[in-house]
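For reference, upload_10.txt is printed below; it contains compact mmCIF, C-alpha atoms.
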# COMPACT_ATOMS: atom_id res chain seq x y z
CA MET A 72 104.18 86.56 53.15
CA ASN A 73 105.35 85.33 49.77
CA LYS A 74 108.33 86.47 47.80
CA THR A 75 107.24 88.33 44.71
CA VAL A 76 108.82 89.61 41.52
CA LEU A 77 108.35 93.08 43.01
CA ASP A 78 110.82 92.27 45.78
CA LEU A 79 113.43 91.32 43.20
CA TRP A 80 113.05 94.63 41.36
CA VAL A 81 113.16 96.67 44.56
CA GLY A 82 116.21 94.70 45.67
CA LEU A 83 117.93 95.43 42.37
CA PHE A 84 117.00 99.11 42.68
CA VAL A 85 118.41 99.38 46.20
CA ILE A 86 121.61 97.56 45.20
CA ALA A 87 122.03 99.85 42.17
CA GLY A 88 121.48 102.92 44.35
CA ILE A 89 124.03 101.80 46.93
CA ALA A 90 126.47 100.90 44.13
CA ALA A 91 126.06 104.44 42.76
CA LEU A 92 126.77 105.89 46.20
CA LEU A 93 129.86 103.69 46.51
CA PHE A 94 131.00 104.80 43.04
CA LEU A 95 130.60 108.43 44.11
CA THR A 96 132.46 107.81 47.35
CA LEU A 97 135.37 105.76 46.05
CA LYS A 98 135.86 106.82 42.45
CA VAL A 99 134.63 110.43 42.46
CA GLY A 100 135.37 111.67 45.96
CA SER A 101 137.95 110.85 48.54
CA MET A 102 138.19 110.98 52.30
CA ASN A 103 140.08 114.23 52.25
CA THR A 104 139.02 115.27 55.71
CA VAL A 105 141.80 114.50 58.14
CA ASN A 106 140.50 112.35 60.97
CA VAL A 107 140.36 114.33 64.23
CA SER A 108 141.52 111.47 66.44
CA ASN A 109 144.56 110.66 64.29
CA SER A 110 145.89 114.17 63.95
CA TYR A 111 147.50 117.02 65.80
CA GLU A 112 147.13 120.77 65.54
CA VAL A 113 149.85 123.38 65.13
CA VAL A 114 149.57 127.13 64.68
CA ALA A 115 151.60 129.16 62.20
CA ARG A 116 151.60 132.96 62.10
CA PHE A 117 151.94 134.87 58.87
CA GLU A 118 152.14 138.57 58.11
CA ASN A 119 150.19 138.00 54.92
CA ILE A 120 148.33 134.87 53.92
CA GLY A 121 147.21 136.05 50.46
CA GLY A 122 144.21 133.99 49.40
CA LEU A 123 144.65 131.07 51.79
CA LYS A 124 141.34 129.61 52.98
CA PRO A 125 140.21 126.96 55.44
CA ARG A 126 140.34 123.42 53.96
CA ALA A 127 143.40 124.29 51.87
CA PRO A 128 145.91 121.41 51.79
CA VAL A 129 149.13 121.32 53.77
CA LYS A 130 151.85 119.67 51.72
CA SER A 131 155.35 118.55 52.40
CA ALA A 132 157.51 117.52 49.46
CA GLY A 133 154.31 117.71 47.41
CA VAL A 134 152.46 115.12 49.51
CA VAL A 135 149.30 116.19 51.35
CA VAL A 136 150.00 115.75 55.08
CA GLY A 137 147.13 117.78 56.52
CA ARG A 138 144.66 120.62 56.06
CA VAL A 139 144.16 124.20 57.14
CA THR A 140 141.31 124.16 59.66
CA ASP A 141 141.11 127.77 60.73
CA VAL A 142 142.32 131.21 59.69
CA LYS A 143 142.08 133.98 62.27
CA PHE A 144 143.40 137.50 62.68
CA ASP A 145 145.45 138.01 65.82
CA ASN A 146 144.57 141.48 67.08
CA GLU A 147 147.59 141.74 69.40
CA LEU A 148 150.36 140.91 66.95
CA TYR A 149 148.42 142.10 63.88
CA GLU A 150 149.21 138.86 62.13
CA ALA A 151 147.19 136.00 60.70
CA ALA A 152 147.05 132.89 62.89
CA VAL A 153 146.56 129.80 60.73
CA THR A 154 145.68 126.52 62.41
CA LEU A 155 146.96 123.41 60.64
CA ARG A 156 145.69 119.91 61.34
CA LEU A 157 148.40 117.40 60.49
CA ASP A 158 148.20 113.64 60.19
CA LYS A 159 149.68 111.85 63.23
CA ARG A 160 151.66 109.53 60.98
CA TYR A 161 153.87 112.47 59.97
CA ALA A 162 156.01 114.12 62.64
CA PHE A 163 157.96 117.27 61.82
CA PRO A 164 160.97 118.83 63.57
CA LYS A 165 160.41 121.89 65.71
CA ASP A 166 162.21 124.22 63.30
CA THR A 167 160.05 123.33 60.31
CA THR A 168 159.38 126.20 57.90
CA ALA A 169 155.81 126.88 56.75
CA ALA A 170 155.42 128.78 53.49
CA ILE A 171 152.30 129.80 51.58
CA MET A 172 152.60 128.71 48.00
CA THR A 173 150.44 128.61 44.90
CA SER A 174 149.96 125.52 42.77
CA GLY A 175 150.41 126.62 39.19
CA LEU A 176 150.01 130.20 38.05
CA LEU A 177 146.39 130.69 39.02
CA GLY A 178 145.85 127.61 41.15
CA GLU A 179 144.77 127.25 44.75
CA GLN A 180 147.04 128.32 47.58
CA TYR A 181 148.43 125.76 49.99
CA ILE A 182 150.90 125.60 52.84
CA GLY A 183 154.22 123.96 52.12
CA LEU A 184 156.16 122.51 55.07
CA GLU A 185 159.91 122.16 54.82
CA ALA A 186 161.44 120.05 57.56
CA GLY A 187 164.35 121.49 59.57
CA GLY A 188 167.12 119.69 61.42
CA ASP A 189 165.91 119.80 65.03
CA SER A 190 165.65 116.48 66.85
CA VAL A 191 162.64 117.64 68.87
CA LYS A 192 159.36 117.07 67.03
CA LEU A 193 156.30 119.34 66.85
CA LYS A 194 153.58 118.43 69.34
CA ASP A 195 149.87 119.20 69.55
CA LYS A 196 149.14 122.95 70.02
CA ASP A 197 152.74 123.86 69.14
CA GLN A 198 153.62 126.86 67.08
CA ILE A 199 155.64 126.97 63.86
CA VAL A 200 158.00 129.92 64.26
CA LEU A 201 159.63 130.05 60.86
CA THR A 202 157.11 131.16 58.27
CA GLN A 203 157.17 132.63 54.82
CA ASP A 204 154.35 134.87 53.63
CA ALA A 205 152.32 134.56 50.49
CA VAL A 206 153.71 136.26 47.43
CA VAL A 207 151.56 139.27 46.58
CA LEU A 208 151.76 140.04 42.90
CA GLU A 209 151.37 143.80 43.39
CA ASN A 210 154.32 143.97 45.80
CA LEU A 211 156.41 141.84 43.46
CA ILE A 212 155.74 144.15 40.51
CA GLY A 213 156.37 147.16 42.78
CA HIS A 214 159.80 145.83 43.79
CA PHE A 215 160.63 145.01 40.20
CA LEU A 216 159.74 148.50 38.97
CA TYR A 217 161.62 150.09 41.87
CA GLY A 218 164.69 148.02 41.04
CA LYS A 219 164.48 148.91 37.35
CA ALA A 220 164.19 152.62 38.15
CA GLN A 221 167.27 152.46 40.40
CA GLU A 222 169.25 150.63 37.71
CA GLY A 223 168.70 153.55 35.33
CA ALA A 224 169.20 156.34 37.92
CA PRO A 225 173.05 156.88 38.06
CA GLN A 226 173.45 157.51 34.32
CA MET B 853 75.60 159.08 42.87
CA LEU B 854 74.57 157.17 45.91
CA THR B 855 73.79 154.04 43.93
CA ILE B 856 77.17 154.17 42.18
CA CYS B 857 78.87 154.57 45.53
CA GLY B 858 76.86 151.64 46.85
CA TRP B 859 77.78 149.49 43.88
CA GLU B 860 81.46 150.33 44.27
CA ALA B 861 81.32 149.66 47.97
CA SER B 862 79.77 146.25 47.43
CA VAL B 863 82.47 145.30 44.89
CA LEU B 864 85.16 146.48 47.27
CA LYS B 865 83.53 144.59 50.12
CA GLN B 866 83.40 141.46 47.99
CA ALA B 867 87.10 141.77 47.08
CA ILE B 868 88.16 142.22 50.71
CA GLU B 869 85.97 139.32 51.77
CA ASN B 870 87.57 137.13 49.11
CA LEU B 871 91.04 138.10 50.24
CA GLY B 872 90.20 137.33 53.85
CA ASN B 873 88.59 134.03 52.93
CA ARG B 874 91.61 132.95 50.92
CA THR B 875 94.03 133.92 53.70
CA ILE B 876 92.04 132.03 56.31
CA GLU B 877 91.76 129.07 53.93
CA GLY B 878 95.55 129.13 53.39
CA VAL B 879 96.35 129.22 57.10
CA TRP B 880 93.80 126.45 57.65
CA ARG B 881 95.48 124.27 55.04
CA ILE B 882 98.94 124.87 56.51
CA GLY B 883 97.72 123.79 59.93
CA TYR B 884 95.94 120.77 58.48
CA ALA B 885 99.06 119.83 56.49
CA THR B 886 101.22 120.01 59.63
CA ARG B 887 98.80 117.77 61.50
CA PHE B 888 98.76 115.43 58.49
CA VAL B 889 102.57 115.08 58.47
CA LEU B 890 102.58 114.44 62.23
CA ALA B 891 99.88 111.80 61.72
CA ILE B 892 102.05 110.11 59.05
CA LEU B 893 104.97 109.95 61.49
CA LEU B 894 102.69 108.56 64.24
CA HIS B 895 101.33 105.86 61.91
CA SER B 896 104.75 104.91 60.51
CA GLY B 897 104.93 101.81 62.67
CA THR B 898 102.85 99.83 60.19
CA ALA B 899 105.05 100.91 57.28
CA PHE B 900 108.00 99.18 58.94
CA ARG B 901 106.20 96.27 60.59
CA ARG B 902 104.57 95.27 57.32
CA PHE B 903 107.53 96.23 55.15
CA GLY B 904 105.96 94.46 52.15
CA LEU B 905 103.61 97.43 51.79
CA THR B 906 106.53 99.85 51.65
CA ILE B 907 108.43 97.63 49.21
CA ARG B 908 105.41 97.68 46.88
CA GLU B 909 105.44 101.47 46.96
CA ILE B 910 109.23 101.64 46.46
CA TYR B 911 108.60 99.64 43.31
CA PHE B 912 105.99 102.09 42.04
CA SER B 913 107.73 105.35 42.93
CA GLY B 914 111.40 104.30 42.83
CA VAL B 915 111.94 101.45 40.38
CA LEU B 916 109.52 102.82 37.78
CA SER B 917 111.26 106.25 37.92
CA LEU B 918 114.61 104.61 37.15
CA ILE B 919 114.46 104.94 33.36
CA ILE B 920 113.72 108.68 33.30
CA ILE B 921 116.31 109.35 36.04
CA LEU B 922 119.09 107.34 34.38
CA VAL B 923 118.50 108.71 30.88
CA SER B 924 118.23 112.34 31.99
CA GLY B 925 121.27 111.93 34.25
CA LEU B 926 123.31 110.66 31.32
CA PHE B 927 122.24 113.53 29.08
CA VAL B 928 122.71 116.22 31.73
CA GLY B 929 126.25 114.90 32.31
CA MET B 930 126.96 114.85 28.58
CA VAL B 931 125.77 118.45 28.17
CA LEU B 932 127.85 119.51 31.18
CA GLY B 933 130.86 117.85 29.58
CA LEU B 934 130.36 119.66 26.27
CA GLN B 935 129.57 123.09 27.72
CA GLY B 936 132.21 122.84 30.46
CA TYR B 937 134.86 121.96 27.90
CA GLU B 938 133.93 124.96 25.73
CA THR B 939 134.38 127.34 28.66
CA LEU B 940 137.39 125.69 30.29
CA GLN B 941 139.46 125.39 27.12
CA THR B 942 139.55 129.20 26.73
CA TYR B 943 141.54 129.22 29.98
CA GLY B 944 143.60 126.21 29.01
CA SER B 945 142.33 124.18 31.94
CA GLU B 946 140.38 121.38 30.22
CA SER B 947 141.80 118.98 32.78
CA ALA B 948 139.50 120.56 35.38
CA LEU B 949 136.50 119.23 33.41
CA GLY B 950 136.12 116.30 35.79
CA VAL B 951 135.95 118.63 38.78
CA LEU B 952 133.34 120.82 37.10
CA VAL B 953 131.11 117.90 36.10
CA ALA B 954 131.40 116.05 39.42
CA MET B 955 131.00 119.10 41.66
CA SER B 956 127.96 120.47 39.90
CA LEU B 957 126.30 117.05 39.79
CA VAL B 958 127.06 115.88 43.31
CA ARG B 959 126.31 119.19 45.02
CA GLU B 960 123.40 120.61 43.05
CA LEU B 961 122.15 119.04 39.85
CA GLY B 962 121.97 115.46 41.09
CA PRO B 963 119.68 116.09 44.06
CA VAL B 964 117.69 118.95 42.48
CA VAL B 965 117.02 117.63 38.97
CA ALA B 966 116.36 114.12 40.29
CA ALA B 967 113.91 115.65 42.79
CA LEU B 968 112.11 117.66 40.08
CA LEU B 969 111.81 114.53 37.93
CA PHE B 970 110.68 112.52 40.95
CA ALA B 971 108.02 115.14 41.74
CA SER B 972 106.56 115.02 38.26
CA ARG B 973 106.93 111.26 37.76
CA ALA B 974 106.09 109.82 41.18
CA GLY B 975 104.57 112.71 43.16
CA SER B 976 101.81 113.34 40.63
CA ALA B 977 101.02 109.61 40.52
CA ILE B 978 100.72 109.46 44.32
CA THR B 979 98.35 112.44 44.39
CA ALA B 980 96.19 111.08 41.59
CA GLU B 981 96.02 107.64 43.19
CA ILE B 982 95.09 108.85 46.66
CA GLY B 983 92.73 111.52 45.32
CA LEU B 984 90.92 108.89 43.27
CA MET B 985 90.84 106.50 46.23
CA LYS B 986 89.16 109.27 48.18
CA ALA B 987 86.77 110.19 45.33
CA THR B 988 85.66 106.57 44.93
CA GLU B 989 85.31 106.33 48.74
CA GLN B 990 87.89 103.56 49.09
CA LEU B 991 89.43 105.40 52.02
CA SER B 992 86.06 105.63 53.80
CA ALA B 993 85.47 101.95 53.06
CA MET B 994 88.79 101.12 54.76
CA GLU B 995 87.79 103.12 57.81
CA MET B 996 84.51 101.18 57.89
CA MET B 997 86.52 97.95 58.00
CA ALA B 998 88.59 99.40 60.89
CA VAL B 999 91.66 99.67 58.65
CA ASP B 1000 93.34 103.01 59.20
CA PRO B 1001 94.08 104.49 55.75
CA MET B 1002 96.85 106.62 57.28
CA ALA B 1003 98.71 103.49 58.31
CA ARG B 1004 97.72 101.26 55.39
CA VAL B 1005 97.90 103.70 52.45
CA VAL B 1006 99.65 106.94 53.37
CA ALA B 1007 102.59 106.02 55.63
CA PRO B 1008 104.08 103.29 53.34
CA ARG B 1009 104.01 105.71 50.40
CA PHE B 1010 105.74 108.36 52.49
CA TRP B 1011 108.57 106.11 53.57
CA ALA B 1012 108.92 104.64 50.09
CA GLY B 1013 109.49 108.15 48.75
CA VAL B 1014 111.97 109.02 51.49
CA ILE B 1015 113.95 105.82 50.81
CA SER B 1016 113.83 106.07 47.01
CA MET B 1017 114.84 109.70 46.62
CA PRO B 1018 118.50 109.53 47.81
CA LEU B 1019 119.07 106.34 45.80
CA LEU B 1020 117.65 107.99 42.67
CA ALA B 1021 119.75 111.13 43.23
CA ALA B 1022 122.92 109.04 43.65
CA LEU B 1023 122.13 107.13 40.47
CA PHE B 1024 121.49 110.41 38.65
CA SER B 1025 124.86 111.82 39.76
CA ALA B 1026 126.71 108.63 38.89
CA MET B 1027 125.12 108.48 35.44
CA GLY B 1028 125.87 112.17 34.91
CA ILE B 1029 129.55 111.73 35.74
CA LEU B 1030 129.62 108.76 33.38
CA GLY B 1031 128.05 110.96 30.68
CA GLY B 1032 130.61 113.70 31.31
CA TYR B 1033 133.37 111.08 31.09
CA LEU B 1034 132.00 109.73 27.80
CA VAL B 1035 131.84 113.16 26.17
CA GLY B 1036 134.92 114.70 27.81
CA VAL B 1037 137.38 111.83 27.67
CA GLN B 1038 136.13 109.46 24.97
CA LEU B 1039 134.70 112.00 22.51
CA ILE B 1040 136.73 115.20 22.97
CA GLY B 1041 139.91 113.65 24.29
CA VAL B 1042 140.57 115.27 27.66
CA ASP B 1043 143.30 113.35 29.47
CA GLU B 1044 141.68 110.50 31.39
CA GLY B 1045 144.15 110.53 34.27
CA SER B 1046 143.74 114.20 35.11
CA PHE B 1047 139.95 113.94 34.63
CA TRP B 1048 139.64 111.40 37.46
CA SER B 1049 142.52 112.47 39.70
CA GLN B 1050 141.57 116.16 39.79
CA MET B 1051 137.99 115.11 40.48
CA GLN B 1052 139.10 112.92 43.36
CA SER B 1053 141.25 115.57 44.95
CA ALA B 1054 138.52 118.22 44.71
CA VAL B 1055 135.40 116.26 45.73
CA ASP B 1056 135.26 115.60 49.45
CA PHE B 1057 133.19 112.80 50.95
CA GLU B 1058 131.79 114.72 53.91
CA GLN B 1059 131.46 118.18 52.38
CA ASP B 1060 130.13 117.24 48.97
CA ILE B 1061 128.76 113.71 48.73
CA LEU B 1062 127.23 113.47 52.19
CA ASN B 1063 125.66 116.93 51.87
CA GLY B 1064 124.20 115.90 48.51
CA VAL B 1065 122.63 112.83 50.11
CA ILE B 1066 121.21 114.93 52.96
CA LYS B 1067 119.71 117.29 50.39
CA SER B 1068 118.04 114.48 48.50
CA VAL B 1069 116.57 113.02 51.71
CA VAL B 1070 115.06 116.43 52.57
CA PHE B 1071 113.67 116.75 49.04
CA GLY B 1072 112.20 113.24 49.29
CA ILE B 1073 110.42 114.16 52.52
CA ALA B 1074 109.08 117.42 51.07
CA ILE B 1075 107.86 115.94 47.77
CA THR B 1076 106.10 112.90 49.20
CA ALA B 1077 104.54 114.89 52.05
CA ILE B 1078 103.15 117.48 49.59
CA ALA B 1079 101.96 114.79 47.15
CA LEU B 1080 100.23 112.77 49.88
CA PHE B 1081 98.63 115.82 51.45
CA GLU B 1082 97.32 117.17 48.13
CA GLY B 1083 95.84 113.75 47.33
CA TYR B 1084 94.29 113.34 50.77
CA ASP B 1085 92.90 116.88 50.73
CA ALA B 1086 91.64 116.83 47.11
CA PRO B 1087 87.95 117.56 46.52
CA PRO B 1088 86.38 114.19 45.58
CA THR B 1089 85.59 115.20 42.00
CA ALA B 1090 87.32 114.77 38.66
CA GLU B 1091 88.35 118.43 38.61
CA GLY B 1092 89.40 118.27 42.24
CA VAL B 1093 91.81 115.40 41.58
CA SER B 1094 93.24 116.99 38.43
CA GLY B 1095 93.73 120.31 40.24
CA ALA B 1096 95.42 118.55 43.14
CA THR B 1097 97.80 116.74 40.76
CA THR B 1098 98.77 120.01 39.12
CA ARG B 1099 99.27 121.66 42.52
CA THR B 1100 101.49 118.77 43.62
CA VAL B 1101 103.88 119.24 40.73
CA VAL B 1102 103.95 123.05 41.06
CA MET B 1103 104.20 123.14 44.85
CA SER B 1104 106.79 120.40 45.20
CA SER B 1105 108.98 121.85 42.44
CA LEU B 1106 108.91 125.24 44.13
CA ALA B 1107 109.53 123.63 47.51
CA VAL B 1108 112.55 121.74 46.13
CA LEU B 1109 114.09 124.89 44.66
CA ALA B 1110 113.47 126.99 47.77
CA LEU B 1111 114.75 124.26 50.10
CA ASP B 1112 117.79 123.85 47.88
CA PHE B 1113 118.66 127.51 48.33
CA VAL B 1114 118.29 127.30 52.11
CA LEU B 1115 120.29 124.05 52.36
CA THR B 1116 123.04 125.34 50.07
CA ALA B 1117 123.33 128.51 52.14
CA PHE B 1118 123.75 126.38 55.26
CA MET B 1119 126.07 123.73 53.83
CA PHE B 1120 128.44 125.49 51.49
CA ARG B 1121 128.68 129.03 52.84
CA GLY B 1122 132.15 129.88 54.01
CA LEU B 1123 133.69 126.87 52.34
CA ASN B 1124 135.31 128.56 49.41

Take the structure in the file and write it out as structure tokens.
Amino acid sequence: MNKTVLDLWVGLFVIAGIAALLFLTLKVGSMNTVNVSNSYEVVARFENIGGLKPRAPVKSAGVVVGRVTDVKFDNELYEAAVTLRLDKRYAFPKDTTAAIMTSGLLGEQYIGLEAGGDSVKLKDKDQIVLTQDAVVLENLIGHFLYGKAQEGAPQ
Amino acid sequence: MLTICGWEASVLKQAIENLGNRTIEGVWRIGYATRFVLAILLHSGTAFRRFGLTIREIYFSGVLSLIIILVSGLFVGMVLGLQGYETLQTYGSESALGVLVAMSLVRELGPVVAALLFASRAGSAITAEIGLMKATEQLSAMEMMAVDPMARVVAPRFWAGVISMPLLAALFSAMGILGGYLVGVQLIGVDEGSFWSQMQSAVDFEQDILNGVIKSVVFGIAITAIALFEGYDAPPTAEGVSGATTRTVVMSSLAVLALDFVLTAFMFRGLN
């Protein structure tokens, strides 16, 4: 079998295709998915999660440290049970606070972790006890109006 | 009265007979096509043992489709950049332009538009070539020489299409993102840093890029299988071959769009 000009062209085509895939992988996308073997899972319960969805980022001090893997409704406590998968490189104290926050005014919702002072760290399958619910705009406006009305009442 | 009734009855009978014939013909073709695809898979050994044959076909269906894929990718990306900017700027979120361009290209437009172009550029050529080989009795001549046309002609073309399609789709997406970058950042002046960084944080390797590649592989299989079957099954006349070529383009385009819906429903449902 002889080498032909055809082989050269096909080789160039394959190299260009793989280069395009690499470009997409490295420049356009990123390995956002947290590796299962290098991570641990914790559960946080919230009374209201707002618009939080699976795959939302978990951030601490603004740095992504994990992702939300599952959102379930707990039918015994009537609360939302949110499973977080955190990177093994980051260990958090047992009394860490988990809060649901919004990036920007209309941005996506994420979970913010604020480390506590406990010397014992969170382990796999642990539960975060201190949580802060999502801010629901309707409730916020309701409270505001209620407060305004009370301000005016005594006069 | 009786004669009119008889005439009507015969027309009705004819219509029902036609309907039945067409249905049976359709089912027959589906069965034949299934057997044909299985036969391709069984005869694939030659396509890999004598890889030169497959490389030749990659040249004809992949390399020669490069120009149309690259140019249309660039223009689709540029249009996405322009239109996306128009819409996003009303919400003051021009910086999300990169996300819009990359997501729509990597998830949908890259695989689908590249597949439609591939079907009309390479699929029609495959059908015409094989149909003509059949019409001029080259395939029968091969059988006479104890060369199996399934192994020598059909299987290499099939694998060439399956290999070329994901590479073409990736090139299309990459060119499109480049086009969106040119229009969005260089021409309109969206901030370059947020263009790339928001894109990177939104596009996920597994969920978006890998699923796009899987889509394009499925489209490659569907298009080349339809093109090969239509060519192999074409009546050995000039009209037969031209009809088969038309059917290839129509059928494979419809197949790509229908498969895209099914795959999207499987891949991206429940993500957002």

Discussion item. Between B:Val928, B:Met996, B:Ala1003, B:Ala977, which residue has the minimum interatomic distance to B:Arg901, considering only C-alpha atoms?
Written reply: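 Between B:Val928, B:Met996, B:Ala1003, B:Ala977, the residue approaching B:Arg901 most closely is B:Ala1003.
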
Item to complete: Kindly indicate which residue among B:Thr1089, B:Ser1016, B:Thr1098, B:Ser1105 lies nearest to B:Phe912, using all atoms listed in the file for the distances.
Response: B:Ser1016

Item to complete: Choose the residue, out of B:Met1103, B:Ile921, B:Met1051, B:Met1002, that has the smallest atom-to-atom separation from chain A; count only C-alpha atoms.
Response: B:Met1051

Worksheet item: What are the residues of chain B that have an atom within 6 Å of an atom of chain A, counting only C-alpha atoms, as a PyMOL selection string?
Response: chain B and resi 911+1019+1022-1023+1026+1052+1055-1057

Worksheet item: How many Å lie between atom CA of B:Val1101 and atom CA of B:Ala1074, rounded to one decimal?
Response: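 Those two atoms sit 11.7 Å apart.
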
Practice prompt. Compile the contact shell of A:Gln203 as a list in words: residues with an atom at most 10 Å away, counting all atoms listed in the file, same-chain residues fewer than 2 positions apart removed.
Written response: Ala115, Arg116, Phe117, Glu118, Asn119, Ile120, Thr168, Ala169, Ala170, Ile171, Met172, Ile182, Gly183, Val200, Leu201, Ala205 and Val206 of chain A

Practice prompt. Could you check how far atom CA of B:Glu946 sits from atom CA of B:Gly1041, in Å to one decimal?
Written response: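 Interatomic distance, atom CA of B:Glu946 to atom CA of B:Gly1041: 9.8 Å.
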
Item to complete: Work out how far atom CA of B:Glu989 is from atom CA of B:Tyr884, in Å to one decimal.
Response: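 Result for atom CA of B:Tyr884 versus atom CA of B:Glu989: 20.4 Å, one decimal.
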
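Taking all atoms listed in the file, the non-local environment of stretch 146-162 of chain A within 7 Å (same-chain residues fewer than 6 positions away omitted) comprises Val105, Asn109, Ser110, Tyr111, Glu112, Val113, Val114, Ala115, Arg116, Phe117, Glu118, Asn119, Ile120, Val136, Gly137, Arg138, Val139, Thr140, Lys192 and Leu193 of chain A.
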
Practice prompt. Tell me which protein, DNA and RNA residues are within 12 Å of B:Ile919, counting all atoms listed in the file, leaving out same-chain ones fewer than 6 positions away, and put them as an MDAnalysis selection string.
Written response: (chainID A and resid 84) or (chainID B and resid 913 925:926 966 969:970 973 1020 1023:1024 1027)

With C-alpha atoms kept, could you save the residues just selected as a tab-separated table (two decimals), in the frame of the given file?
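Below you can see out06.tsv, which holds the result:
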chain	number	residue	atom	x	y	z
A	84	PHE	CA	117.00	99.11	42.68
B	913	SER	CA	107.73	105.35	42.93
B	925	GLY	CA	121.27	111.93	34.25
B	926	LEU	CA	123.31	110.66	31.32
B	966	ALA	CA	116.36	114.12	40.29
B	969	LEU	CA	111.81	114.53	37.93
B	970	PHE	CA	110.68	112.52	40.95
B	973	ARG	CA	106.93	111.26	37.76
B	1020	LEU	CA	117.65	107.99	42.67
B	1023	LEU	CA	122.13	107.13	40.47
B	1024	PHE	CA	121.49	110.41	38.65
B	1027	MET	CA	125.12	108.48	35.44

Practice prompt. Mind checking which residues fall within 9 Å of B:His895, counting only C-alpha atoms, ignoring those fewer than 3 positions away in the same chain, and posting them as a ChimeraX atom specification?
Written response: /B:890-892,898-899,1000,1002-1004,1006-1007

Expected axis-aligned box over every listed atom of stretch 122-137 of chain A, 6 Å added per side, centre plus edges in Å to one decimal, as AutoDock Vina command-line options:
--center_x 148.9 --center_y 124.6 --center_z 52.0 --size_x 29.3 --size_y 30.9 --size_z 21.1
